[in-house]
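Colleague: Encoded as structure tokens, here's the structure I'll be asking about.
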Amino acid sequence: MTTPPLRPSVPLVSGPRADATPDAAYLASLKKVTQYYVVTGFLALLVGILLGPLQAFNYAGINVYDYPLLKALIKSYYQGLTLHGVLNALVFTQFFISGWMLYLPVRDLGARINLRFAWFTYLLMTAGLLTAAVPLLTNDATVLYTFYPPLEGSPLFYIGAGVMVGSSLLVAGQVVHTWWRWKRENPGRVTPLVTFGSVATWLMWSIAALGIVVEVIVLLIPWSLGLTSGVDPLLARTLFWWTGHPIVYFWVLPAYISWYAFLPRQAGGRVASEGLARLAFVLFLIFSVPVGLHHQYADPNISNTWKSIHMLLTFLVAVPTLLTAFSVAASLEDGARARGGRGLVGWIGRLSWGNASFSAQVLAMTSFIFGGAGGVVNASLAFGPVVHNTAWIPGHFHITVGTATTLTFMGVAFWFIPHLTGKRLFSPRLASWSVWLWFVGMMLFALGMHWQGLLGVPRRSQMSTTAQDIYRQMNLAVPQALTGLSGIVLLVGGLLFFWVLFRTLLSKRVQDGDAVPIPYSEAISPAGEKLSEASLLVRRTEPLLAISVFAFFLVLLVYLPVLGPMIADAQLVPGARLW
């Protein structure tokens with residue numbers, strides 16, 4: 001699998017700090033810790049993928065949870081749902097992103113970091129994972145991923161989850177500190193695009209994670225340990241959604257880094273505008289977090305005024321999303337036309353569809369078009385309640401995190417793993433098959449689940465054993481068939497991906513990893529290197545720390561008036577375990 005050549009004037013290997021090459025021993029250790037993060041994340045995804053068809057079959061009306069062998073491993077649909085959601089949406093994403101967004105800015109800046117601390121954060125995150133895994137596997141934390149009291153899990157689950165999130169914040173701190181040190185050593189320099197996107201994402205996540213950190217440490221751990229008499233469900237839900245929606249952007253912004261900085265290079269093109277790319281990350285930093293109440297339109301005791309404000313702020317997130325769509329599309333068109341593409345849409349056929357890494361990411365972006373449109377529906381105070389807690393919702397997030405994020409990370413792995421290990425990608429043809437099958441499977445799943453949601457089928461419900469007479473009268477045969485078929489297609493695509501991944505990892509090292517370079521892209525409109533000579537847009541987006549302080553105060557402005565009355569009039573209830 002090769003990357004298409006660029007214009008003759010553009011060097012094949014380019015990076016903002018390509019001149020600052022660290023020594024071999026340090027680089028090998030940096031790659032090793034990154035590899036551990038990434039592979040651990042993919043191992044979690046593998047288990048989650050194996051559980052995925054069970055969820056699809058449930059919404060196809062097929063009960064597989066009563067089979068004796070499966071019953072011995074998974075006690076109920078609800079335990080399977082919890083495992084699937086936690087492993088795919090929390091563990092896989094957090095481990096992969098921590099490795100990806102630690103390695104990239106360090107290489108981008110040519111910096112040296114404390115590798116002992118990097119290994120410590122990995123081991124701490126893994127310890128949190130293993131701690132949480134025990135009650136998950138023993139059916140002692142079947143809380144459906146969303147941490148909703150009064151559903152109560154084992155304190156080990158909450159402690160392990162808290163350690164995992166805290167570990168990611170340690171990675172954030174190391175990256176931000178590395179960037180700040182580089183800024184002090186290079187006064188007046190413009191932050192390179194990859195580092196800029198990484199730091200902006202980590203700063204956003206540091207603000208976003210506060211909600212779930214407070215919920216877990218202050219409310220759920222003492223409650224699950226029996227140290228408090230109860231917990232206020234509304235307060236806990238509100239703190240959860242402080243984090244619960246912006247975590248979507250924590251998942252997708254690392255993919256944006258590749259879409260902006262690397263994908264144009266893989267298409268043989270250039271970044272359309274580094275200034276606009278920086279603006280998109282800044283807008284996400286500001287508007288990603290104060291949006292959680294649009295998940296709580298049905299919750300009582302929250303003013304409709306504040307719900308409406310959160311709705312408007314959620315709509316503002318569409319601005320950087322659309323900006324990215326047009327900017328990245330322009331970059332791809334630039335590459336396709338440089339390779340002979342012609343016509344209004346004919347250039348699309350000249351893109352690098354034979355490159356599995358490229359096609360995975362373009363298919364991921366294509367899915368995000370539908371995800372973004374569905375997100376506008378979800379955020380609307382008029383339309384959101386229509387689809388709230390229906391099958392529409394998992395249909396929606398399977399084409400955001402399940403496709404836009406996961407398929408991008410799969411595609412990235414096809415060059416990132418060889419770059420980290422010095423091993424050649426096994427069977428580029430099978431790699432291409434895996435990403436196309438994953439895309440088709442996710443589109444089938446999304447269509448079937450959105451369809452069922454519009455007909456009123458609830459989410460988080462064992463459809464195959466409850467209220468069958470009602471469901472038989474809902475004309476669900478076609479969407480159920482699509483959903484069941486999607487589970488099979490996704491399983492085949494996922495297993496093909498892991499066959500390629502593991503065959504690559506277990507093969508012999510044949511070259512230096514940097515023989516597969518980080519595919520930095522040139523820019524049509526670069527940000528430049530000196531702030532004094534940069535455009536006004538670049539200068540205004542450079543002070544990320546100041547912008548993050550503003551973003552934090554905006555979050556406090558729209559959350560404290562909501563949280564204050566809840567805290568003052570907390571209604572404590574005891575825990576319950578249903579499964």
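Chain identifiers are assigned as A, B, and so on, following the order in which chains appear in the structure tokens; residues are numbered from 1 within each chain, and ligands are numbered from 1 in order of appearance.
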Residues of region 109-263 of chain A classed as helix (DSSP H, G or I) by DSSP on the backbone are to be reported as a PyMOL selection string.
Modeller: chain A and resi 109+115-137+155-185+193-224+233-244+246-261+263
Colleague: Quick one: everything within 10 Å of region 46-60 of chain A, counting only C-alpha atoms, minus sequence neighbours fewer than 5 positions away in the same chain. Send it as a PDB file with C-alpha atoms, in the first residue's frame.
Modeller:
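Result saved to part_23.pdb:
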ATOM      1  CA  THR A  40      -4.380  -2.288  24.417  1.00  0.00           C
ATOM      2  CA  GLY A  41      -7.100  -0.114  22.952  1.00  0.00           C
ATOM      3  CA  TYR A  65     -28.808 -14.784  25.510  1.00  0.00           C
ATOM      4  CA  ILE A  74     -22.929 -13.293  29.989  1.00  0.00           C
ATOM      5  CA  TYR A  77     -28.564  -8.731  27.520  1.00  0.00           C
ATOM      6  CA  TYR A  78     -27.940  -5.866  29.919  1.00  0.00           C
ATOM      7  CA  GLY A  80     -23.608  -7.644  27.373  1.00  0.00           C
ATOM      8  CA  LEU A  81     -24.724  -4.096  26.573  1.00  0.00           C
ATOM      9  CA  THR A  82     -22.658  -2.706  29.457  1.00  0.00           C
ATOM     10  CA  LEU A  83     -19.540  -4.585  28.360  1.00  0.00           C
ATOM     11  CA  HIS A  84     -20.017  -3.591  24.727  1.00  0.00           C
ATOM     12  CA  GLY A  85     -20.482   0.089  25.541  1.00  0.00           C
ATOM     13  CA  VAL A  86     -17.692   0.392  28.102  1.00  0.00           C
ATOM     14  CA  LEU A  87     -15.084  -1.491  26.051  1.00  0.00           C
ATOM     15  CA  ASN A  88     -15.821   0.222  22.736  1.00  0.00           C
ATOM     16  CA  ALA A  89     -16.752   3.744  23.773  1.00  0.00           C
ATOM     17  CA  VAL A  91     -11.632   1.813  26.906  1.00  0.00           C
ATOM     18  CA  PHE A  92     -10.760   1.561  23.192  1.00  0.00           C
ATOM     19  CA  ALA A 391     -33.308   2.984  18.951  1.00  0.00           C
ATOM     20  CA  PHE A 445     -27.057  -0.906  11.378  1.00  0.00           C
ATOM     21  CA  GLY A 448     -32.176  -0.270  10.738  1.00  0.00           C
ATOM     22  CA  MET A 449     -31.876   1.403  14.138  1.00  0.00           C
ATOM     23  CA  GLN A 452     -36.889   1.346  14.430  1.00  0.00           C
ATOM     24  CA  VAL A 457     -38.694   1.042  19.559  1.00  0.00           C
ATOM     25  CA  PRO A 458     -36.868   1.875  22.813  1.00  0.00           C
ATOM     26  CA  ARG A 459     -33.124   1.729  23.336  1.00  0.00           C
ATOM     27  CA  ARG A 460     -31.457  -0.305  26.094  1.00  0.00           C
ATOM     28  CA  SER A 461     -34.230  -2.892  26.042  1.00  0.00           C
ATOM     29  CA  GLN A 462     -34.167  -6.642  25.486  1.00  0.00           C
ATOM     30  CA  MET A 463     -36.476  -6.651  22.495  1.00  0.00           C
ATOM     31  CA  SER A 464     -36.361 -10.376  21.959  1.00  0.00           C
ATOM     32  CA  THR A 465     -38.135 -11.278  25.218  1.00  0.00           C
ATOM     33  CA  LEU A 476     -40.549  -3.909  12.046  1.00  0.00           C
ATOM     34  CA  ALA A 477     -39.652  -6.778   9.703  1.00  0.00           C
ATOM     35  CA  VAL A 478     -37.476  -4.761   7.291  1.00  0.00           C
ATOM     36  CA  PRO A 479     -35.527  -2.651   9.834  1.00  0.00           C
ATOM     37  CA  GLN A 480     -35.081  -5.722  12.027  1.00  0.00           C
ATOM     38  CA  ALA A 481     -33.659  -7.659   9.086  1.00  0.00           C
ATOM     39  CA  LEU A 482     -31.261  -4.796   8.275  1.00  0.00           C
ATOM     40  CA  THR A 483     -30.100  -4.621  11.887  1.00  0.00           C
ATOM     41  CA  GLY A 484     -29.555  -8.372  12.172  1.00  0.00           C
ATOM     42  CA  LEU A 485     -27.667  -8.490   8.849  1.00  0.00           C
ATOM     43  CA  SER A 486     -25.484  -5.598   9.993  1.00  0.00           C
ATOM     44  CA  GLY A 487     -24.265  -7.606  12.970  1.00  0.00           C
ATOM     45  CA  ILE A 488     -22.947 -10.341  10.666  1.00  0.00           C
ATOM     46  CA  VAL A 489     -21.311  -7.921   8.224  1.00  0.00           C
ATOM     47  CA  LEU A 490     -19.665  -5.968  11.058  1.00  0.00           C
ATOM     48  CA  LEU A 491     -18.358  -9.150  12.658  1.00  0.00           C
ATOM     49  CA  VAL A 492     -16.751 -10.284   9.390  1.00  0.00           C
ATOM     50  CA  GLY A 493     -15.263  -6.833   8.744  1.00  0.00           C
ATOM     51  CA  GLY A 494     -13.986  -6.560  12.288  1.00  0.00           C
ATOM     52  CA  LEU A 495     -12.388 -10.007  12.270  1.00  0.00           C
ATOM     53  CA  PHE A 497      -9.272  -6.050  10.419  1.00  0.00           C
ATOM     54  CA  PHE A 498      -7.887  -7.869  13.435  1.00  0.00           C
TER      55      PHE A 498
END
Colleague: Nearest to Ile417 (chain A): which of A:Ala44, A:Ile97, A:Ile159, A:Val39 is it, counting only C-alpha atoms?
Modeller: A:Val39
Colleague: Considering only C-alpha atoms, return as number ranges by chain whatever protein or nucleic-acid residues lie within 8 Å of region 21-35 of chain A, sequence-local ones (same chain, fewer than 4 positions apart) excluded.
Modeller: A: 39, 99-100, 102-103, 110-112, 115, 118-119, 122, 417, 420-421
Colleague: Can you list, as JSON, numbers by chain, every protein, DNA or RNA residue that comes within 7 Å of Pro233 (chain A) when you count only C-alpha atoms, leaving out same-chain residues fewer than 6 positions away?
Modeller: {"A": [148, 149, 150]}
Colleague: Give me a file of those residues, with C-alpha atoms, as a compact mmCIF listing (two decimals), in the first residue's frame.
Modeller:
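Now in part29.txt:
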# COMPACT_ATOMS: atom_id res chain seq x y z
CA TYR A 148 -27.20 6.58 35.86
CA PRO A 149 -28.19 6.27 39.52
CA PRO A 150 -30.14 4.73 41.08
Colleague: Do you know which residues are at most 10 Å from Pro394 (chain A) counting only C-alpha atoms, after dropping those on the same chain fewer than 2 positions away, and could you put them as number ranges by chain?
Modeller: A: 389-392, 396-400, 402, 445-446, 449-450, 453, 459-460
Colleague: Rounded to one decimal in Å, what is the spacing between CA of Val377 (chain A) and CA of Ile62 (chain A)?
Modeller: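 Answer for the CA of Val377 (chain A) to CA of Ile62 (chain A) separation: 29.5 Å.
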Colleague: Do a neighbour search on region 514-516 of chain A at 8 Å with only C-alpha atoms, toss out local chain neighbours closer than 2 positions, and write the hits as a list in words.
Modeller: Trp415, Pro418, His419, Leu420, Gly422, Gln511, Asp512 and Ile518 of chain A
Colleague: Any chance you could list, as a list in words, the residues in region 120-316 of chain A that come up strand (DSSP E or B) when DSSP is run on the backbone?
Modeller: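 Put together, the selection reads Leu151, Arg189, Val231, Val271, Ala272 and Ser273 of chain A.
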Colleague: Measuring between only C-alpha atoms, which one of A:Thr324, A:Met311, A:Met101, A:Thr406 shows the shortest distance to Phe383 (chain A)?
Modeller: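 Result for the nearest residue to Phe383 (chain A): A:Met311.
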Colleague: Between CA of Ile221 (chain A) and CA of Glu152 (chain A), measure the distance and give it in Å to one decimal.
Modeller: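 Interatomic distance here is 10.1 Å.
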Colleague: Name the closest residue to Val271 (chain A) among the candidates A:Gln473, A:Ser327, A:Ser288, A:Gln571; distances are taken between atoms, counting only C-alpha atoms.
Modeller: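 Answer, going by the shortest atom-to-atom distance: A:Ser327.
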Colleague: Kindly indicate which residue among A:Trp347, A:Trp223, A:Tyr520, A:Phe439 lies nearest to Ser258 (chain A), using only C-alpha atoms for the distances.
Modeller: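 That would be A:Tyr520, the residue with the smallest distance to Ser258 (chain A).
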Colleague: If you count only C-alpha atoms, which residues fall within 10 Å of region 305-307 of chain A, apart from same-chain ones fewer than 2 positions away, as a list in words?
Modeller: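 What passes the distance filter is Val291, Gly292, Leu293, His294, His295, Gln296, Tyr297, Ile302, Ser303, Ile309, His310, Met311, Leu312, Leu313, Ala379, Ser380, Leu381, Val558, Tyr559, Pro561 and Val562 of chain A.
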Colleague: I need the residue nearest Leu578 (chain A) from this list: A:Leu536, A:Ala200, A:Leu151, A:Leu124. Use only C-alpha atoms for the distance.
Modeller: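 Of A:Leu536, A:Ala200, A:Leu151, A:Leu124, the one nearest Leu578 (chain A), counting only C-alpha atoms, is A:Leu151.
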Colleague: With distances taken over only C-alpha atoms, which residue among A:Trp259, A:Tyr471, A:Phe281, A:Phe552 lies nearest Ser359 (chain A)?
Modeller: A:Trp259
Colleague: What is the CA of Thr146 (chain A) to CA of Leu283 (chain A) distance in Å?
Modeller: 26.5 Å
